[in-house]
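> Pasting start.tsv below, which is TSV, C-alpha atoms.
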```
chain	number	residue	atom	x	y	z
A	110	MET	CA	18.50	16.16	10.90
A	111	SER	CA	17.14	19.59	10.07
A	112	SER	CA	13.64	20.74	10.97
A	113	PRO	CA	10.74	20.89	8.49
A	114	ASP	CA	10.07	24.17	6.76
A	115	PRO	CA	7.72	26.07	9.13
A	116	ALA	CA	5.85	27.46	6.13
A	117	ASN	CA	4.57	23.98	5.36
A	118	LEU	CA	3.55	22.85	8.84
A	119	THR	CA	-0.10	23.84	8.30
A	120	ASN	CA	-0.59	21.27	5.55
A	121	PRO	CA	-3.70	19.28	6.60
A	122	PHE	CA	-2.66	16.29	4.48
A	123	LYS	CA	-0.98	13.90	6.94
A	124	GLY	CA	-0.58	10.81	4.79
A	125	PHE	CA	-2.71	7.86	3.75
A	126	HIS	CA	-1.69	5.42	6.48
A	127	ILE	CA	-3.77	6.68	9.40
A	128	ARG	CA	-7.20	5.21	10.08
A	129	THR	CA	-9.74	7.83	11.14
A	130	GLU	CA	-12.74	5.55	11.66
A	131	GLU	CA	-13.73	1.90	11.78
A	132	ARG	CA	-14.58	-0.06	8.64
A	133	SER	CA	-18.21	-0.13	7.61
A	134	PRO	CA	-20.14	-3.44	7.70
A	135	THR	CA	-19.98	-3.60	3.90
A	136	ASP	CA	-16.20	-3.15	3.93
A	137	GLU	CA	-15.90	-5.92	6.52
A	138	ILE	CA	-17.62	-8.23	4.02
A	139	ARG	CA	-15.37	-6.93	1.23
A	140	LEU	CA	-12.40	-7.86	3.42
A	141	LYS	CA	-13.60	-11.46	3.68
A	142	ILE	CA	-14.21	-11.63	-0.08
A	143	ALA	CA	-10.72	-10.26	-0.74
A	144	GLU	CA	-9.20	-12.93	1.52
A	145	GLU	CA	-11.05	-15.64	-0.41
A	146	LEU	CA	-10.03	-14.16	-3.76
A	147	ARG	CA	-6.37	-14.36	-2.76
A	148	VAL	CA	-6.87	-18.08	-2.24
A	149	VAL	CA	-8.52	-18.26	-5.66
A	150	PHE	CA	-5.46	-16.59	-7.23
A	151	ASP	CA	-3.13	-19.17	-5.69
A	152	GLU	CA	-5.35	-22.09	-6.67
A	153	LEU	CA	-5.75	-20.81	-10.23
A	154	LEU	CA	-1.98	-20.70	-10.68
A	155	ALA	CA	-1.40	-24.15	-9.20
A	156	THR	CA	-4.44	-26.25	-10.06
A	157	SER	CA	-4.32	-29.29	-12.33
A	158	ALA	CA	-8.10	-29.22	-12.86
A	159	PRO	CA	-9.32	-30.30	-16.32
A	160	VAL	CA	-10.97	-27.93	-18.78
A	161	GLU	CA	-14.48	-28.92	-17.71
A	162	GLU	CA	-13.87	-27.96	-14.08
A	163	LEU	CA	-12.15	-24.73	-15.08
A	164	GLU	CA	-15.19	-23.85	-17.21
A	165	GLN	CA	-17.43	-24.48	-14.19
A	166	THR	CA	-15.21	-22.21	-12.11
A	167	ARG	CA	-15.35	-19.53	-14.79
A	168	ALA	CA	-19.15	-19.69	-14.80
A	169	ILE	CA	-19.25	-19.20	-11.02
A	170	VAL	CA	-16.89	-16.22	-11.29
A	171	ASN	CA	-19.03	-14.68	-14.04
A	172	GLN	CA	-22.11	-15.13	-11.86
A	173	ALA	CA	-20.39	-13.27	-9.00
A	174	VAL	CA	-19.29	-10.46	-11.33
A	175	SER	CA	-22.82	-10.08	-12.67
A	176	LEU	CA	-24.17	-9.82	-9.12
A	177	LEU	CA	-21.67	-7.09	-8.20
A	178	LYS	CA	-22.49	-5.12	-11.36
A	179	LEU	CA	-26.15	-4.78	-10.36
A	180	ARG	CA	-25.40	-1.89	-8.00
A	181	PRO	CA	-24.01	1.59	-8.79
A	182	HIS	CA	-20.25	1.90	-8.34
A	183	SER	CA	-18.44	4.42	-6.17
A	184	HIS	CA	-14.87	4.75	-4.96
A	185	ASP	CA	-14.72	8.12	-3.26
A	186	TYR	CA	-12.09	9.45	-0.93
A	187	GLU	CA	-13.90	10.22	2.29
A	188	GLY	CA	-12.48	12.28	5.12
A	189	PRO	CA	-13.83	12.66	8.65
A	190	ALA	CA	-15.32	16.04	7.72
A	191	GLU	CA	-16.63	17.67	4.57
A	192	GLY	CA	-13.81	19.14	2.50
A	193	SER	CA	-11.16	17.53	4.68
A	194	LEU	CA	-7.72	16.64	3.32
A	195	ALA	CA	-7.15	14.30	6.27
A	196	PRO	CA	-6.02	10.67	5.82
A	197	MET	CA	-8.53	8.63	3.89
A	198	ASN	CA	-9.82	5.25	5.03
A	199	SER	CA	-10.82	4.61	1.44
A	200	PHE	CA	-7.20	4.64	0.30
A	201	LEU	CA	-5.96	2.77	3.36
A	202	ASP	CA	-8.26	-0.18	2.70
A	203	ARG	CA	-8.05	-0.11	-1.10
A	204	SER	CA	-4.28	0.26	-1.42
A	205	PRO	CA	-2.78	-2.39	-3.73
A	206	ILE	CA	-0.02	-2.86	-1.14
A	207	ILE	CA	-1.66	-2.78	2.30
A	208	GLY	CA	-5.36	-2.62	1.43
A	209	ALA	CA	-7.23	-5.33	3.30
A	210	ILE	CA	-10.18	-5.18	0.89
A	211	ASN	CA	-7.99	-5.13	-2.22
A	212	PRO	CA	-7.34	-8.73	-3.33
A	213	LEU	CA	-4.20	-7.60	-5.18
A	214	SER	CA	-2.46	-6.76	-1.90
A	215	VAL	CA	-0.61	-9.31	0.27
A	216	PRO	CA	-1.61	-7.37	2.48
A	217	MET	CA	1.32	-6.08	4.53
A	218	ARG	CA	0.95	-5.31	8.24
A	219	MET	CA	2.55	-2.00	9.22
A	220	ASP	CA	3.82	-1.10	12.70
A	221	ILE	CA	5.87	1.72	14.17
A	222	GLU	CA	8.88	1.15	16.43
A	223	GLY	CA	9.24	4.18	18.65
A	224	ASP	CA	6.96	6.96	19.79
A	225	GLY	CA	5.60	7.75	16.34
A	226	GLY	CA	7.88	10.74	15.96
A	227	ILE	CA	10.36	11.48	13.23
A	228	GLU	CA	13.05	9.28	14.81
A	229	SER	CA	10.79	6.21	14.72
A	230	THR	CA	11.09	3.25	12.35
A	231	VAL	CA	8.25	1.88	10.25
A	232	VAL	CA	8.16	-1.92	10.09
A	233	GLY	CA	6.24	-3.87	7.46
A	234	TYR	CA	5.54	-7.59	7.81
A	235	ALA	CA	4.70	-9.52	4.65
A	236	LEU	CA	4.51	-13.01	3.19
A	237	PHE	CA	4.36	-13.11	-0.60
A	238	PRO	CA	2.28	-15.92	-2.17
A	239	ALA	CA	2.91	-17.59	-5.52
A	240	ALA	CA	1.19	-14.83	-7.51
A	241	TYR	CA	4.20	-12.57	-6.80
A	242	GLU	CA	6.82	-14.93	-8.23
A	243	GLY	CA	9.63	-13.62	-10.42
A	244	PRO	CA	12.70	-15.87	-10.46
A	245	PRO	CA	11.83	-19.46	-9.46
A	246	GLY	CA	10.73	-19.51	-5.84
A	247	CYS	CA	11.49	-15.81	-5.37
A	248	VAL	CA	9.55	-12.56	-5.20
A	249	HIS	CA	9.54	-10.42	-8.36
A	250	GLY	CA	11.78	-7.38	-7.90
A	251	GLY	CA	9.09	-5.00	-9.09
A	252	PHE	CA	6.85	-5.98	-6.18
A	253	ILE	CA	9.72	-5.49	-3.76
A	254	ALA	CA	10.15	-1.93	-5.05
A	255	ALA	CA	6.42	-1.26	-4.71
A	256	TYR	CA	6.37	-2.47	-1.11
A	257	PHE	CA	9.44	-0.39	-0.30
A	258	ASP	CA	7.55	2.62	-1.68
A	259	GLU	CA	4.72	1.95	0.76
A	260	VAL	CA	6.99	1.47	3.78
A	261	LEU	CA	9.11	4.51	3.00
A	262	GLY	CA	5.95	6.46	2.25
A	263	MET	CA	4.66	5.74	5.73
A	264	ALA	CA	8.07	6.58	7.20
A	265	GLN	CA	8.17	10.00	5.54
A	266	SER	CA	4.65	10.71	6.82
A	267	LEU	CA	6.14	10.70	10.34
A	268	SER	CA	7.67	14.05	9.41
A	269	GLY	CA	4.20	15.53	9.89
A	270	ASN	CA	4.30	17.04	6.41
A	271	PRO	CA	4.26	14.09	3.98
A	272	GLY	CA	4.32	14.11	0.23
A	273	MET	CA	4.78	11.99	-2.86
A	274	THR	CA	7.62	9.87	-4.20
A	275	VAL	CA	10.11	11.70	-6.40
A	276	ASN	CA	12.83	9.06	-6.54
A	277	LEU	CA	13.14	5.47	-5.34
A	278	THR	CA	16.30	3.39	-5.68
A	279	VAL	CA	16.46	-0.29	-4.73
A	280	ASP	CA	19.63	-2.39	-4.43
A	281	TYR	CA	18.88	-6.11	-4.48
A	282	ARG	CA	21.31	-8.01	-2.24
A	283	ALA	CA	19.85	-11.54	-2.16
A	284	PRO	CA	16.79	-13.36	-3.52
A	285	THR	CA	13.62	-12.76	-1.51
A	286	PRO	CA	11.82	-16.09	-0.98
A	287	LEU	CA	8.14	-16.69	-1.65
A	288	LYS	CA	5.86	-18.00	1.10
A	289	GLN	CA	8.32	-16.98	3.82
A	290	PRO	CA	7.90	-14.11	6.31
A	291	VAL	CA	9.93	-11.04	5.42
A	292	ILE	CA	10.36	-7.71	7.18
A	293	PHE	CA	10.66	-4.24	5.65
A	294	ARG	CA	12.00	-1.33	7.68
A	295	GLY	CA	11.97	2.35	6.79
A	296	ARG	CA	13.08	5.58	8.45
A	297	VAL	CA	13.58	9.27	7.77
A	298	VAL	CA	17.21	10.17	7.09
A	299	SER	CA	16.97	13.93	6.63
A	300	ILE	CA	14.61	16.81	5.87
A	301	ASP	CA	15.52	19.80	3.74
A	302	GLY	CA	12.56	22.12	3.33
A	303	ARG	CA	9.92	20.11	1.46
A	304	LYS	CA	12.40	17.33	0.59
A	305	ILE	CA	12.29	14.24	2.80
A	306	SER	CA	15.03	11.62	2.38
A	307	VAL	CA	14.29	8.11	3.60
A	308	ALA	CA	16.02	4.73	3.67
A	309	GLY	CA	14.93	1.15	4.23
A	310	THR	CA	15.89	-2.51	4.34
A	311	LEU	CA	14.26	-5.85	3.57
A	312	HIS	CA	15.25	-8.95	5.53
A	313	HIS	CA	14.33	-12.62	5.51
A	314	GLY	CA	15.53	-13.75	8.89
A	315	GLU	CA	19.13	-12.57	9.17
A	316	THR	CA	19.55	-12.28	5.39
A	317	LEU	CA	19.56	-8.79	3.90
A	318	CYS	CA	17.53	-9.14	0.70
A	319	ALA	CA	17.39	-5.52	-0.43
A	320	GLU	CA	18.08	-1.92	0.54
A	321	ALA	CA	16.27	1.19	-0.64
A	322	LYS	CA	16.65	4.95	-0.64
A	323	GLY	CA	13.90	7.39	-1.48
A	324	LEU	CA	13.19	11.06	-1.89
A	325	PHE	CA	9.73	12.46	-1.18
A	326	VAL	CA	8.52	16.03	-1.61
A	327	SER	CA	5.84	17.37	0.73
A	328	MET	CA	2.54	17.84	-1.05
A	329	ARG	CA	1.00	21.27	-1.07
A	330	PRO	CA	-2.69	21.25	0.00
A	331	GLU	CA	-3.84	22.67	-3.33
A	332	VAL	CA	-2.07	19.87	-5.22
A	333	PHE	CA	-3.87	17.19	-3.23
A	334	SER	CA	-7.18	19.00	-3.70
A	335	ARG	CA	-6.59	19.12	-7.45
A	336	LEU	CA	-5.80	15.39	-7.60
A	337	VAL	CA	-9.06	14.61	-5.81
A	338	GLU	CA	-11.01	16.88	-8.18
A	339	ILE	CA	-9.51	15.21	-11.27
A	340	ARG	CA	-10.26	11.77	-9.88
A	341	GLN	CA	-13.87	12.66	-9.09
A	342	ALA	CA	-14.32	14.14	-12.56
A	343	HIS	CA	-13.13	10.93	-14.21
A	344	GLN	CA	-15.34	8.86	-11.93
A	345	ALA	CA	-18.40	10.91	-12.89
A	346	LYS	CA	-17.99	10.05	-16.58
```
Could I get this structure in the form of C-alpha cells?

Amino acid sequence: MSSPDPANLTNPFKGFHIRTEERSPTDEIRLKIAEELRVVFDELLATSAPVEELEQTRAIVNQAVSLLKLRPHSHDYEGPAEGSLAPMNSFLDRSPIIGAINPLSVPMRMDIEGDGGIESTVVGYALFPAAYEGPPGCVHGGFIAAYFDEVLGMAQSLSGNPGMTVNLTVDYRAPTPLKQPVIFRGRVVSIDGRKISVAGTLHHGETLCAEAKGLFVSMRPEVFSRLVEIRQAHQAK
C-alpha cells in the first residue's frame, strides 16, 4: 500500500464520522422522536386498522407537524471552531444511514477493528426493518449499496485524507434477510495520490450476502468550503 500524497496531508477535512462534541438536549429529544417514528413506519406498513382509525392517526400526525412548523428551521453544519472544516456532528446525527436523529436511518452502529490506522477495518452492525423490503422478506439492493457507501466512506477516512465517492460496485451473492442482524465490513485496499481504493463485505451469520469495491478521491479543502457555501445559500432562500 503506497503512502498518501504529502501535498494533501494538510487537508483539515477528516470525514463526517467523527463526533467532536456531545449531542445537545434538543438533539437528545430528536433522537427519541426518531426512534418512535421508526416504529410508526413499521406499524403503518403492517396495520390492519380501518379507515376511521387511520384518519385519527393522520390527524395526530398533522398536529405534530403543525407544532414543529411553529419555530424557524435551521440545518447548519457546525464545526468545533468558526470556519472549521472539521467533522460535523450535524451530518453525523442527520445522516440517512447512521443518523440517530434521522428517522429514515436504521441506524447502523459503526465500530473500528484495529488501532484506527489505515490497516484497520470498519465494521457496521445493522438490522433492517420492513420499510427496507425489496424481494419478499429481503432487503432492497439499493439500500445495501447505500449502506456499503457509508461503511466504505468511513474506511477511506482512516487514510487521514478522505474524500467523496467516485465509483461504487456491489456484487450481490445471496439475499439479505429483513429483521435479522447483518454485519458490513470495509477496509482500505490501496492509495494512489488522491485516489483511495476500498473493499467491503456484507454477512448474515456465515452467509456472504454481498461484496463491494469503491473508489474515493480526497476532497480538496476549497471544494468542501464551496459545498458548504452553496448549501447555506439555498437554505437562506
> Please measure the separation of atom CA of A:Pro205 and atom CA of A:Glu242, giving the value in Å to one decimal.
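We find that atom CA of A:Pro205 and atom CA of A:Glu242 lie 16.4 Å from each other.
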> Excluding A:Leu311 and any residue of its chain fewer than 6 positions from it, enumerate the residues within 9 Å of it, using all atoms listed in the file, and give them as a VMD selection string.
chain A and resid 253 257 285 291 to 294 317 to 321
> For the interface of stretch 188-286 of chain A with stretch 154-166 of chain A (cut-off 12 Å, counting only C-alpha atoms), please tabulate each contacting residue of stretch 188-286 of chain A alongside its nearest pair of atoms and their separation in Å to one decimal, rows sorted by chain and increasing number, as a tab-separated table.

```
residue	atom	partner	partner_atom	distance
A:Pro238	CA	A:Leu154	CA	10.6
A:Ala239	CA	A:Leu154	CA	7.8
A:Ala240	CA	A:Leu154	CA	7.4
A:Tyr241	CA	A:Leu154	CA	10.9
A:Glu242	CA	A:Leu154	CA	10.8
```
> Could you jot down the atom CA of A:Asn171 to atom CA of A:Glu137 separation for me, Å, one decimal place?
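Between these atoms lies a distance of 22.6 Å.
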> Measuring between all atoms listed in the file, which one of A:Arg218, A:Lys288, A:Lys178, A:Arg167 shows the shortest distance to A:Glu259?
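With all atoms listed in the file as the atom set, the closest residue is A:Arg218.
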> Give the answer as one residue: which of A:Gly272, A:Val215, A:His182, A:Val231 has the shortest atom-to-atom distance to A:Arg329, using all atoms listed in the file?
A:Gly272
